[in-house]
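Pasted below: start_26.json, JSON, C-alpha atoms.
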```json
[["chain", "number", "residue", "atom", "x", "y", "z"],
["A", 28, "MET", "CA", -22.34, -0.87, -9.58],
["A", 29, "ILE", "CA", -18.67, -0.50, -8.67],
["A", 30, "PHE", "CA", -16.55, -3.62, -8.30],
["A", 31, "ILE", "CA", -13.63, -3.51, -5.84],
["A", 32, "THR", "CA", -10.83, -5.98, -5.27],
["A", 33, "GLY", "CA", -8.82, -5.86, -2.05],
["A", 34, "CYS", "CA", -11.74, -4.35, -0.15],
["A", 35, "SER", "CA", -10.74, -6.05, 3.10],
["A", 36, "GLY", "CA", -7.36, -4.32, 3.00],
["A", 37, "LEU", "CA", -6.57, -0.91, 4.43],
["A", 38, "VAL", "CA", -6.84, 1.05, 1.17],
["A", 39, "GLY", "CA", -9.74, -0.89, -0.31],
["A", 40, "SER", "CA", -11.82, -0.61, 2.86],
["A", 41, "PHE", "CA", -11.53, 3.18, 2.98],
["A", 42, "ILE", "CA", -12.25, 3.50, -0.73],
["A", 43, "ALA", "CA", -15.39, 1.44, -0.22],
["A", 44, "ARG", "CA", -16.39, 3.60, 2.73],
["A", 45, "ARG", "CA", -15.97, 6.77, 0.65],
["A", 46, "LEU", "CA", -17.99, 5.37, -2.26],
["A", 47, "LEU", "CA", -20.83, 4.26, 0.00],
["A", 48, "ALA", "CA", -20.94, 7.67, 1.67],
["A", 49, "ALA", "CA", -21.47, 9.17, -1.78],
["A", 50, "GLY", "CA", -24.38, 6.81, -2.49],
["A", 51, "HIS", "CA", -22.66, 4.33, -4.83],
["A", 52, "SER", "CA", -23.43, 0.61, -4.77],
["A", 53, "VAL", "CA", -20.37, -1.56, -4.13],
["A", 54, "ARG", "CA", -19.66, -5.19, -4.89],
["A", 55, "ALA", "CA", -16.44, -6.45, -3.29],
["A", 56, "LEU", "CA", -14.30, -9.48, -3.91],
["A", 57, "ARG", "CA", -13.07, -11.27, -0.81],
["A", 58, "ARG", "CA", -11.37, -14.50, 0.11],
["A", 59, "LYS", "CA", -13.13, -16.87, 2.47],
["A", 60, "ASP", "CA", -10.72, -16.08, 5.32],
["A", 61, "SER", "CA", -10.64, -12.28, 4.86],
["A", 62, "ASN", "CA", -10.57, -10.21, 8.05],
["A", 63, "LEU", "CA", -13.44, -7.72, 7.90],
["A", 64, "HIS", "CA", -12.95, -6.15, 11.34],
["A", 65, "TYR", "CA", -12.28, -2.66, 10.00],
["A", 66, "LEU", "CA", -15.43, -2.87, 7.89],
["A", 67, "THR", "CA", -17.88, -3.72, 10.65],
["A", 68, "ASP", "CA", -19.68, -0.40, 10.28],
["A", 69, "ILE", "CA", -20.29, -0.80, 6.55],
["A", 70, "LYS", "CA", -19.95, -4.50, 5.71],
["A", 71, "ASP", "CA", -23.72, -4.97, 5.54],
["A", 72, "GLN", "CA", -23.91, -2.23, 2.90],
["A", 73, "ILE", "CA", -21.50, -4.09, 0.59],
["A", 74, "GLU", "CA", -22.40, -6.92, -1.76],
["A", 75, "TRP", "CA", -19.72, -9.47, -0.94],
["A", 76, "VAL", "CA", -18.60, -12.15, -3.39],
["A", 77, "GLU", "CA", -16.03, -14.82, -2.61],
["A", 78, "GLY", "CA", -13.26, -15.40, -5.10],
["A", 79, "ASP", "CA", -9.71, -14.68, -6.11],
["A", 80, "VAL", "CA", -8.10, -12.57, -8.83],
["A", 81, "LEU", "CA", -6.28, -15.69, -10.02],
["A", 82, "ASP", "CA", -9.51, -17.62, -10.57],
["A", 83, "VAL", "CA", -10.46, -16.30, -14.01],
["A", 84, "SER", "CA", -13.76, -18.15, -14.31],
["A", 85, "ARG", "CA", -15.00, -17.00, -10.91],
["A", 86, "LEU", "CA", -13.72, -13.48, -11.48],
["A", 87, "TYR", "CA", -15.60, -13.26, -14.77],
["A", 88, "ASP", "CA", -18.82, -14.33, -13.07],
["A", 89, "VAL", "CA", -18.63, -11.90, -10.14],
["A", 90, "MET", "CA", -17.65, -8.92, -12.33],
["A", 91, "GLN", "CA", -20.82, -9.22, -14.40],
["A", 92, "GLY", "CA", -22.77, -5.96, -14.29],
["A", 93, "ALA", "CA", -19.87, -3.82, -13.04],
["A", 94, "LYS", "CA", -19.75, -0.36, -14.63],
["A", 95, "GLN", "CA", -16.47, 0.65, -12.96],
["A", 96, "VAL", "CA", -13.66, -1.30, -11.33],
["A", 97, "ILE", "CA", -11.20, -0.35, -8.60],
["A", 98, "HIS", "CA", -8.38, -2.88, -8.41],
["A", 99, "SER", "CA", -6.73, -2.65, -5.01],
["A", 100, "ALA", "CA", -5.84, -6.29, -4.29],
["A", 101, "ALA", "CA", -2.13, -7.05, -4.11],
["A", 102, "LEU", "CA", 0.34, -9.14, -2.18],
["A", 103, "VAL", "CA", 3.07, -7.17, -0.41],
["A", 104, "SER", "CA", 6.02, -9.30, 0.60],
["A", 105, "PHE", "CA", 9.76, -8.97, 0.95],
["A", 106, "THR", "CA", 10.51, -12.59, 1.85],
["A", 107, "PRO", "CA", 11.92, -15.10, -0.64],
["A", 108, "LYS", "CA", 9.39, -17.75, 0.34],
["A", 109, "THR", "CA", 6.42, -15.80, -1.06],
["A", 110, "LYS", "CA", 8.17, -14.09, -3.96],
["A", 111, "ASP", "CA", 6.75, -16.36, -6.67],
["A", 112, "LEU", "CA", 3.20, -16.01, -5.35],
["A", 113, "MET", "CA", 3.59, -12.23, -5.21],
["A", 114, "TYR", "CA", 4.60, -12.12, -8.88],
["A", 115, "LYS", "CA", 1.63, -14.29, -9.78],
["A", 116, "VAL", "CA", -0.98, -12.37, -7.76],
["A", 117, "ASN", "CA", 0.22, -8.87, -8.58],
["A", 118, "ILE", "CA", 0.90, -9.32, -12.29],
["A", 119, "GLU", "CA", -1.32, -12.17, -13.45],
["A", 120, "GLY", "CA", -4.13, -11.08, -11.13],
["A", 121, "THR", "CA", -4.03, -7.57, -12.58],
["A", 122, "ALA", "CA", -3.96, -8.93, -16.13],
["A", 123, "ASN", "CA", -7.09, -10.97, -15.33],
["A", 124, "VAL", "CA", -8.92, -7.90, -14.00],
["A", 125, "VAL", "CA", -7.90, -5.87, -17.07],
["A", 126, "ASN", "CA", -8.88, -8.56, -19.56],
["A", 127, "ILE", "CA", -12.29, -9.17, -18.01],
["A", 128, "SER", "CA", -12.92, -5.43, -17.74],
["A", 129, "LEU", "CA", -12.24, -5.12, -21.46],
["A", 130, "GLU", "CA", -14.49, -8.06, -22.32],
["A", 131, "LEU", "CA", -17.36, -6.79, -20.16],
["A", 132, "GLY", "CA", -17.10, -3.22, -21.43],
["A", 133, "VAL", "CA", -16.26, -1.63, -18.08],
["A", 134, "ASP", "CA", -16.37, 2.17, -18.27],
["A", 135, "LYS", "CA", -13.35, 2.87, -16.08],
["A", 136, "LEU", "CA", -10.59, 1.08, -14.18],
["A", 137, "VAL", "CA", -8.68, 2.64, -11.29],
["A", 138, "PHE", "CA", -5.56, 0.70, -10.39],
["A", 139, "ILE", "CA", -4.01, 1.16, -6.94],
["A", 140, "SER", "CA", -0.29, 0.80, -7.60],
["A", 141, "SER", "CA", 2.62, 2.10, -5.51],
["A", 142, "VAL", "CA", 5.38, 4.69, -5.73],
["A", 143, "ALA", "CA", 7.67, 1.66, -5.81],
["A", 144, "ALA", "CA", 6.48, 0.99, -9.37],
["A", 145, "LEU", "CA", 8.11, 4.25, -10.51],
["A", 146, "GLY", "CA", 11.52, 2.76, -9.85],
["A", 147, "ARG", "CA", 14.52, 4.05, -7.95],
["A", 148, "ARG", "CA", 17.91, 4.75, -9.45],
["A", 149, "LYS", "CA", 21.35, 5.70, -8.24],
["A", 150, "ASN", "CA", 21.95, 9.45, -8.02],
["A", 151, "THR", "CA", 18.21, 10.14, -8.33],
["A", 152, "GLU", "CA", 16.52, 11.08, -5.07],
["A", 153, "VAL", "CA", 13.54, 13.12, -6.32],
["A", 154, "ILE", "CA", 11.03, 11.14, -8.37],
["A", 155, "ASP", "CA", 7.87, 12.21, -10.23],
["A", 156, "GLU", "CA", 5.31, 10.62, -12.59],
["A", 157, "LYS", "CA", 7.65, 10.95, -15.58],
["A", 158, "ALA", "CA", 10.19, 8.56, -14.08],
["A", 159, "GLN", "CA", 11.17, 5.71, -16.39],
["A", 160, "TRP", "CA", 11.65, 2.26, -14.95],
["A", 161, "GLU", "CA", 15.06, 0.67, -15.23],
["A", 162, "PRO", "CA", 16.58, -2.37, -13.48],
["A", 163, "SER", "CA", 18.34, -1.29, -10.32],
["A", 164, "LYS", "CA", 19.48, -2.71, -6.98],
["A", 165, "PHE", "CA", 17.31, 0.00, -5.43],
["A", 166, "ASN", "CA", 14.15, -1.75, -6.69],
["A", 167, "THR", "CA", 12.60, -4.56, -4.69],
["A", 168, "HIS", "CA", 10.80, -7.58, -6.13],
["A", 169, "TYR", "CA", 7.56, -5.99, -4.91],
["A", 170, "ALA", "CA", 8.41, -2.86, -6.90],
["A", 171, "GLN", "CA", 8.98, -4.93, -10.01],
["A", 172, "THR", "CA", 5.64, -6.72, -9.64],
["A", 173, "LYS", "CA", 3.80, -3.40, -9.35],
["A", 174, "TYR", "CA", 5.65, -1.99, -12.35],
["A", 175, "LEU", "CA", 4.76, -5.03, -14.46],
["A", 176, "ALA", "CA", 1.17, -4.88, -13.19],
["A", 177, "GLU", "CA", 1.01, -1.26, -14.37],
["A", 178, "MET", "CA", 2.14, -2.42, -17.79],
["A", 179, "GLU", "CA", -0.93, -4.64, -17.92],
["A", 180, "VAL", "CA", -3.13, -1.65, -17.06],
["A", 181, "TRP", "CA", -1.54, 0.54, -19.73],
["A", 182, "ARG", "CA", -1.89, -2.28, -22.23],
["A", 183, "GLY", "CA", -5.61, -2.40, -21.38],
["A", 184, "HIS", "CA", -5.85, 1.38, -21.78],
["A", 185, "VAL", "CA", -4.39, 1.15, -25.28],
["A", 186, "GLU", "CA", -6.96, -1.53, -26.05],
["A", 187, "GLY", "CA", -9.81, 0.80, -25.08],
["A", 188, "LEU", "CA", -10.17, 0.57, -21.29],
["A", 189, "ASN", "CA", -10.29, 4.01, -19.65],
["A", 190, "SER", "CA", -7.70, 3.66, -16.90],
["A", 191, "ILE", "CA", -6.08, 5.64, -14.10],
["A", 192, "VAL", "CA", -3.07, 4.56, -12.03],
["A", 193, "VAL", "CA", -2.69, 5.84, -8.47],
["A", 194, "ASN", "CA", 0.77, 5.54, -6.88],
["A", 195, "PRO", "CA", 0.53, 5.96, -3.08],
["A", 196, "SER", "CA", 3.57, 6.09, -0.83],
["A", 197, "LEU", "CA", 3.59, 4.35, 2.58],
["A", 198, "ILE", "CA", -0.04, 4.41, 3.69],
["A", 199, "LEU", "CA", -0.75, 5.31, 7.32],
["A", 200, "GLY", "CA", -3.91, 4.09, 8.98],
["A", 201, "PRO", "CA", -5.37, 1.50, 11.34],
["A", 202, "SER", "CA", -5.20, -2.15, 10.35],
["A", 203, "PRO", "CA", -4.13, -5.38, 12.08],
["A", 204, "TRP", "CA", -0.66, -5.15, 13.68],
["A", 205, "GLU", "CA", 0.93, -7.59, 11.27],
["A", 206, "ARG", "CA", -0.07, -5.74, 8.10],
["A", 207, "SER", "CA", 2.11, -3.38, 6.05],
["A", 208, "SER", "CA", 2.71, 0.06, 7.56],
["A", 209, "THR", "CA", 0.89, -0.78, 10.78],
["A", 210, "GLN", "CA", 3.91, -2.87, 11.72],
["A", 211, "LEU", "CA", 5.75, 0.41, 12.26],
["A", 212, "PHE", "CA", 3.25, 1.36, 14.98],
["A", 213, "LYS", "CA", 3.60, -2.09, 16.55],
["A", 214, "TYR", "CA", 7.38, -1.73, 16.43],
["A", 215, "VAL", "CA", 7.18, 1.47, 18.46],
["A", 216, "TRP", "CA", 4.56, 0.08, 20.84],
["A", 217, "ASP", "CA", 6.92, -2.81, 21.64],
["A", 218, "GLU", "CA", 9.65, -0.24, 22.42],
["A", 219, "LYS", "CA", 12.21, -1.65, 20.02],
["A", 220, "LYS", "CA", 15.62, -0.02, 20.24],
["A", 221, "PHE", "CA", 16.77, 0.50, 16.66],
["A", 222, "TYR", "CA", 15.86, 3.03, 13.99],
["A", 223, "ALA", "CA", 16.95, 3.08, 10.34],
["A", 224, "ALA", "CA", 19.13, 5.86, 8.98],
["A", 225, "GLY", "CA", 16.96, 6.52, 5.95],
["A", 226, "SER", "CA", 13.61, 8.20, 5.39],
["A", 227, "LEU", "CA", 10.20, 7.30, 4.06],
["A", 228, "ASN", "CA", 7.32, 8.90, 2.19],
["A", 229, "TYR", "CA", 3.87, 8.74, 3.75],
["A", 230, "VAL", "CA", 0.19, 9.46, 3.16],
["A", 231, "ASP", "CA", -2.99, 9.12, 5.22],
["A", 232, "VAL", "CA", -5.27, 6.33, 3.96],
["A", 233, "ARG", "CA", -8.24, 8.74, 4.15],
["A", 234, "ASP", "CA", -6.46, 11.04, 1.72],
["A", 235, "VAL", "CA", -5.80, 8.13, -0.61],
["A", 236, "ALA", "CA", -9.49, 7.20, -0.56],
["A", 237, "GLU", "CA", -10.58, 10.78, -1.21],
["A", 238, "ILE", "CA", -8.17, 11.20, -4.11],
["A", 239, "VAL", "CA", -9.23, 7.89, -5.66],
["A", 240, "TYR", "CA", -12.85, 8.97, -5.35],
["A", 241, "GLN", "CA", -12.28, 12.36, -6.97],
["A", 242, "LEU", "CA", -10.29, 10.84, -9.83],
["A", 243, "PHE", "CA", -12.90, 8.12, -10.19],
["A", 244, "VAL", "CA", -15.90, 10.43, -10.56],
["A", 245, "GLY", "CA", -14.01, 12.98, -12.68],
["A", 246, "GLU", "CA", -13.15, 12.91, -16.35],
["A", 247, "HIS", "CA", -9.55, 11.90, -15.71],
["A", 248, "THR", "CA", -8.14, 9.02, -17.74],
["A", 249, "GLY", "CA", -4.87, 7.73, -19.10],
["A", 250, "GLU", "CA", -2.80, 9.29, -16.31],
["A", 251, "ARG", "CA", -0.85, 8.22, -13.25],
["A", 252, "TYR", "CA", -0.74, 10.21, -10.04],
["A", 253, "ILE", "CA", 1.71, 10.07, -7.16],
["A", 254, "VAL", "CA", -0.20, 10.28, -3.87],
["A", 255, "ASN", "CA", 2.28, 11.36, -1.23],
["A", 256, "ALA", "CA", 1.89, 13.81, 1.66],
["A", 257, "GLY", "CA", 5.56, 14.19, 2.53],
["A", 258, "ASN", "CA", 8.87, 12.69, 3.57],
["A", 259, "ILE", "CA", 10.22, 12.05, 7.07],
["A", 260, "SER", "CA", 13.14, 10.21, 8.63],
["A", 261, "PHE", "CA", 12.45, 6.92, 10.39],
["A", 262, "LYS", "CA", 13.83, 8.46, 13.57],
["A", 263, "GLU", "CA", 11.43, 11.39, 13.55],
["A", 264, "LEU", "CA", 8.43, 9.24, 12.61],
["A", 265, "PHE", "CA", 9.16, 6.80, 15.42],
["A", 266, "GLU", "CA", 9.53, 9.68, 17.87],
["A", 267, "LYS", "CA", 6.13, 11.08, 16.89],
["A", 268, "ILE", "CA", 4.42, 7.70, 17.22],
["A", 269, "ALA", "CA", 6.18, 7.02, 20.53],
["A", 270, "LYS", "CA", 5.05, 10.33, 21.97],
["A", 271, "THR", "CA", 1.44, 9.60, 21.03],
["A", 272, "PHE", "CA", 1.64, 6.09, 22.47],
["A", 273, "ASN", "CA", 3.55, 7.35, 25.53],
["A", 274, "LYS", "CA", 6.37, 4.93, 24.78],
["A", 275, "ARG", "CA", 10.15, 5.17, 24.55],
["A", 276, "ALA", "CA", 11.21, 5.83, 20.97],
["A", 277, "PRO", "CA", 13.89, 3.74, 19.23],
["A", 278, "TYR", "CA", 17.24, 5.34, 20.05],
["A", 279, "ILE", "CA", 20.00, 3.32, 18.39],
["A", 280, "LYS", "CA", 20.82, 4.24, 14.79],
["A", 281, "VAL", "CA", 21.19, 1.27, 12.46],
["A", 282, "THR", "CA", 24.38, 1.39, 10.42],
["A", 283, "PRO", "CA", 24.72, -0.57, 7.17],
["A", 284, "LEU", "CA", 26.73, -3.19, 9.07],
["A", 285, "ILE", "CA", 24.06, -3.59, 11.74],
["A", 286, "ALA", "CA", 21.42, -3.80, 9.02],
["A", 287, "ALA", "CA", 23.34, -6.60, 7.32],
["A", 288, "PHE", "CA", 23.50, -8.57, 10.56],
["A", 289, "ALA", "CA", 19.84, -7.83, 11.29],
["A", 290, "TRP", "CA", 18.35, -9.29, 8.11],
["A", 291, "ARG", "CA", 20.53, -12.38, 8.36],
["A", 292, "GLY", "CA", 19.51, -12.89, 11.96],
["A", 293, "ALA", "CA", 15.86, -12.40, 11.10],
["A", 294, "LEU", "CA", 16.12, -14.95, 8.31],
["A", 295, "LEU", "CA", 17.66, -17.50, 10.68],
["A", 296, "GLN", "CA", 15.01, -16.82, 13.30],
["A", 297, "SER", "CA", 12.22, -17.30, 10.79],
["A", 298, "PHE", "CA", 13.63, -20.72, 9.92],
["A", 299, "PHE", "CA", 12.88, -21.88, 13.46],
["A", 300, "THR", "CA", 9.66, -19.94, 14.09],
["A", 301, "ARG", "CA", 8.19, -20.61, 10.64],
["A", 302, "LYS", "CA", 7.05, -16.99, 10.57],
["A", 303, "PRO", "CA", 8.05, -14.38, 7.97],
["A", 304, "PRO", "CA", 11.21, -12.48, 9.03],
["A", 305, "PHE", "CA", 10.53, -9.04, 10.48],
["A", 306, "ILE", "CA", 13.18, -7.60, 8.16],
["A", 307, "SER", "CA", 14.55, -8.80, 4.83],
["A", 308, "LYS", "CA", 17.67, -8.07, 2.82],
["A", 309, "GLU", "CA", 15.64, -5.73, 0.61],
["A", 310, "THR", "CA", 13.98, -3.79, 3.41],
["A", 311, "ALA", "CA", 17.25, -3.55, 5.39],
["A", 312, "TYR", "CA", 19.02, -2.06, 2.38],
["A", 313, "MET", "CA", 16.25, 0.35, 1.42],
["A", 314, "SER", "CA", 15.79, 1.58, 5.01],
["A", 315, "GLN", "CA", 19.17, 3.27, 4.72],
["A", 316, "LYS", "CA", 18.19, 5.34, 1.66],
["A", 317, "HIS", "CA", 16.49, 8.67, 0.95],
["A", 318, "PHE", "CA", 13.99, 9.16, -1.88],
["A", 319, "TYR", "CA", 11.32, 11.81, -2.25],
["A", 320, "TYR", "CA", 8.22, 11.49, -4.43],
["A", 321, "LYS", "CA", 6.81, 14.75, -5.78],
["A", 322, "ASN", "CA", 3.10, 15.38, -5.28],
["A", 323, "ASN", "CA", 2.69, 18.51, -7.42],
["A", 324, "LYS", "CA", 0.59, 16.80, -10.09],
["A", 325, "ILE", "CA", -2.19, 15.53, -7.82],
["A", 326, "ILE", "CA", -2.25, 18.78, -5.83],
["A", 327, "ASP", "CA", -2.60, 20.83, -9.01],
["A", 328, "THR", "CA", -5.12, 18.46, -10.62],
["A", 329, "LEU", "CA", -7.52, 18.31, -7.68],
["A", 330, "ASN", "CA", -6.45, 21.38, -5.69],
["A", 331, "PHE", "CA", -5.88, 18.86, -2.93],
["A", 332, "LYS", "CA", -4.61, 19.49, 0.59],
["A", 333, "PHE", "CA", -3.11, 16.55, 2.48],
["A", 334, "LYS", "CA", -3.75, 15.95, 6.17],
["A", 335, "PRO", "CA", -0.95, 16.96, 8.56],
["A", 336, "LEU", "CA", 1.22, 14.02, 9.62],
["A", 337, "GLN", "CA", 0.54, 14.46, 13.34],
["A", 338, "GLU", "CA", -3.20, 14.29, 12.71],
["A", 339, "SER", "CA", -2.72, 11.00, 10.85],
["A", 340, "ILE", "CA", -0.54, 9.56, 13.62],
["A", 341, "ASP", "CA", -2.93, 10.59, 16.41],
["A", 342, "TRP", "CA", -5.88, 9.07, 14.56],
["A", 343, "ALA", "CA", -4.09, 5.81, 13.71],
["A", 344, "CYS", "CA", -2.75, 5.39, 17.26],
["A", 345, "THR", "CA", -6.19, 5.95, 18.77],
["A", 346, "GLU", "CA", -7.83, 3.44, 16.43],
["A", 347, "LEU", "CA", -5.09, 0.86, 16.98],
["A", 348, "ALA", "CA", -5.30, 1.26, 20.74],
["A", 349, "GLN", "CA", -9.05, 0.64, 20.68],
["A", 350, "TYR", "CA", -8.77, -2.34, 18.34],
["A", 351, "ASN", "CA", -5.99, -4.00, 20.34],
["A", 352, "HIS", "CA", -7.41, -3.00, 23.75],
["A", 353, "LEU", "CA", -4.32, -0.99, 24.64],
["A", 354, "SER", "CA", -4.02, 1.59, 27.36],
["A", 355, "VAL", "CA", -2.47, 4.78, 25.93]]
```
As structure tokens, the full file:
Amino acid sequence: MIFITGCSGLVGSFIARRLLAAGHSVRALRRKDSNLHYLTDIKDQIEWVEGDVLDVSRLYDVMQGAKQVIHSAALVSFTPKTKDLMYKVNIEGTANVVNISLELGVDKLVFISSVAALGRRKNTEVIDEKAQWEPSKFNTHYAQTKYLAEMEVWRGHVEGLNSIVVNPSLILGPSPWERSSTQLFKYVWDEKKFYAAGSLNYVDVRDVAEIVYQLFVGEHTGERYIVNAGNISFKELFEKIAKTFNKRAPYIKVTPLIAAFAWRGALLQSFFTRKPPFISKETAYMSQKHFYYKNNKIIDTLNFKFKPLQESIDWACTELAQYNHLSV
């Protein structure tokens, strides 16, 4: 039996789908209020258990009998209000999964990290798996939590837990509007005017799931792998999404000065609406930058071919339109 955390999220749900298609039995951790909409076709095939990665006693109970573990649960946030909780969930939660896996004699742990955990530094635009973390203004608090979570995984590996770390870039796929990368699709659908000057790295969630599966069933251990299909400017990405949605693409370039005003305005707005700001100081700053994450290692290891970006966009837009009852 394979135990998965974060199964109700975009990545976890597609990993579960891939495992079930291959005939594996899956037990998945979920919170009581988890949205399972994108799992309607397979949710009855999954053994669901309620719990939380911070509840050690409950986690120990529900992980009994697991032969392998895929740890995908994480909190992604760039707002000060949830920073402390993010550190607790991402680092302490991972430590709990590692410790219980060691105690129960789990055969293999696959940790879904992020390219952010590799760190970003001044005068370094191309990054690979050999990158060494160092404190930098280019690293967000989220990046630091994922880096420290990786340290827990590597500590577990040294203690005898076969482990693999997967570092995806921005993951494209259909999920609720308010979640992670899907907010970019919502931004274009709403015909917002501004686009950031920087670029981003991207990967189709189906490719992430396939790579995790192949690494999981193979003999790979003690390695990390960047999972990234390519790099594209915000402007070009928005234009591609807009064309698919038949919407007007953002057309005003955001300068550093505009970005500074934007995050401050968003913070003030959130004070009155009680909702997380749509942009933070961290995201405003990073949206002006260019970094590229090399994918040579995973391509060579698995002889893998990533899906074309337009195929990923067309698929995500179609799924999102159906889910949100949109006319495209």
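Distance-wise, CA of Val185 in chain A and CA of Gly245 in chain A end up 19.8 Å apart.
Across the structure, CA of Ala223 in chain A and CA of Lys280 in chain A are spaced 6.0 Å apart.
As for CA of Tyr252 in chain A and CA of Arg147 in chain A, they are spaced 16.6 Å apart.
Comparing A:Gly200, A:Asp111, A:Arg206, A:Gly92 by their smallest distance to Asn62 in chain A, the closest is A:Arg206 (using all atoms listed in the file).
Each of A:Ile69, A:Ala176, A:Val80, A:Ala122 was checked against Ala43 in chain A using only C-alpha atoms; the smallest atom-to-atom distance is that of A:Ile69.
Shortest atom-to-atom contact with Leu175 in chain A among A:Ala143, A:Val137, A:Val38, A:Ile325: A:Ala143, counting all atoms listed in the file.
Between Leu131 in chain A and the residues A:Tyr319, A:Gln91, A:Thr109, A:Lys157, the shortest atom-to-atom distance, using all atoms listed in the file, involves A:Gln91.
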When you count all atoms listed in the file, which of these residues is closest to Glu186 in chain A: A:Leu336, A:Leu227, A:Ile279, A:Val125? A:Val125
If we count all atoms listed in the file, what is near Leu145 in chain A at a cut-off of 9 Å, once residues fewer than 2 positions away on the same chain are taken out, given as number ranges by chain? A: 141-143, 147, 154-160, 170, 173-174, 194
Need to verify the contact set: range 112-114 of chain A, 9 Å, only C-alpha atoms, exclusion of same-chain residues closer than 3 positions in sequence. Can you return it as a PyMOL selection string? chain A and resi 101-104+108-109+117-119+168-169+171-173
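Across A:Ile42, A:Leu211, A:Leu197, A:Val230, the tightest approach to Ile97 in chain A is made by A:Ile42 when counting only C-alpha atoms.
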Please rebuild range 326-337 of chain A with N, CA, C and O atoms and return the result as a CSV table (one decimal), keeping the file's coordinate frame.
```
chain,number,residue,atom,x,y,z
A,326,ILE,N,-1.8,17.5,-6.5
A,326,ILE,CA,-2.2,18.8,-5.8
A,326,ILE,C,-2.8,19.8,-6.8
A,326,ILE,O,-3.9,20.4,-6.6
A,327,ASP,N,-2.1,19.9,-8.0
A,327,ASP,CA,-2.6,20.8,-9.0
A,327,ASP,C,-3.9,20.3,-9.7
A,327,ASP,O,-4.8,21.1,-10.0
A,328,THR,N,-4.0,19.0,-9.9
A,328,THR,CA,-5.1,18.5,-10.6
A,328,THR,C,-6.4,18.6,-9.8
A,328,THR,O,-7.5,19.0,-10.4
A,329,LEU,N,-6.3,18.3,-8.5
A,329,LEU,CA,-7.5,18.3,-7.7
A,329,LEU,C,-7.6,19.5,-6.7
A,329,LEU,O,-8.5,19.5,-5.9
A,330,ASN,N,-6.5,20.3,-6.7
A,330,ASN,CA,-6.4,21.4,-5.7
A,330,ASN,C,-6.5,20.8,-4.3
A,330,ASN,O,-7.3,21.2,-3.4
A,331,PHE,N,-5.8,19.7,-4.1
A,331,PHE,CA,-5.9,18.9,-2.9
A,331,PHE,C,-4.9,19.3,-1.8
A,331,PHE,O,-3.8,19.7,-2.1
A,332,LYS,N,-5.4,19.2,-0.6
A,332,LYS,CA,-4.6,19.5,0.6
A,332,LYS,C,-4.5,18.2,1.5
A,332,LYS,O,-5.5,17.7,2.0
A,333,PHE,N,-3.3,17.8,1.7
A,333,PHE,CA,-3.1,16.6,2.5
A,333,PHE,C,-3.2,16.8,4.0
A,333,PHE,O,-2.9,17.9,4.4
A,334,LYS,N,-3.7,15.8,4.7
A,334,LYS,CA,-3.8,16.0,6.2
A,334,LYS,C,-2.4,16.1,6.8
A,334,LYS,O,-1.4,15.4,6.3
A,335,PRO,N,-2.2,16.9,7.9
A,335,PRO,CA,-1.0,17.0,8.6
A,335,PRO,C,-0.5,15.6,9.1
A,335,PRO,O,-1.4,14.8,9.6
A,336,LEU,N,0.7,15.3,9.2
A,336,LEU,CA,1.2,14.0,9.6
A,336,LEU,C,0.8,13.7,11.1
A,336,LEU,O,0.4,12.6,11.4
A,337,GLN,N,0.9,14.7,11.9
A,337,GLN,CA,0.5,14.5,13.3
A,337,GLN,C,-0.9,14.1,13.5
A,337,GLN,O,-1.3,13.2,14.3
```
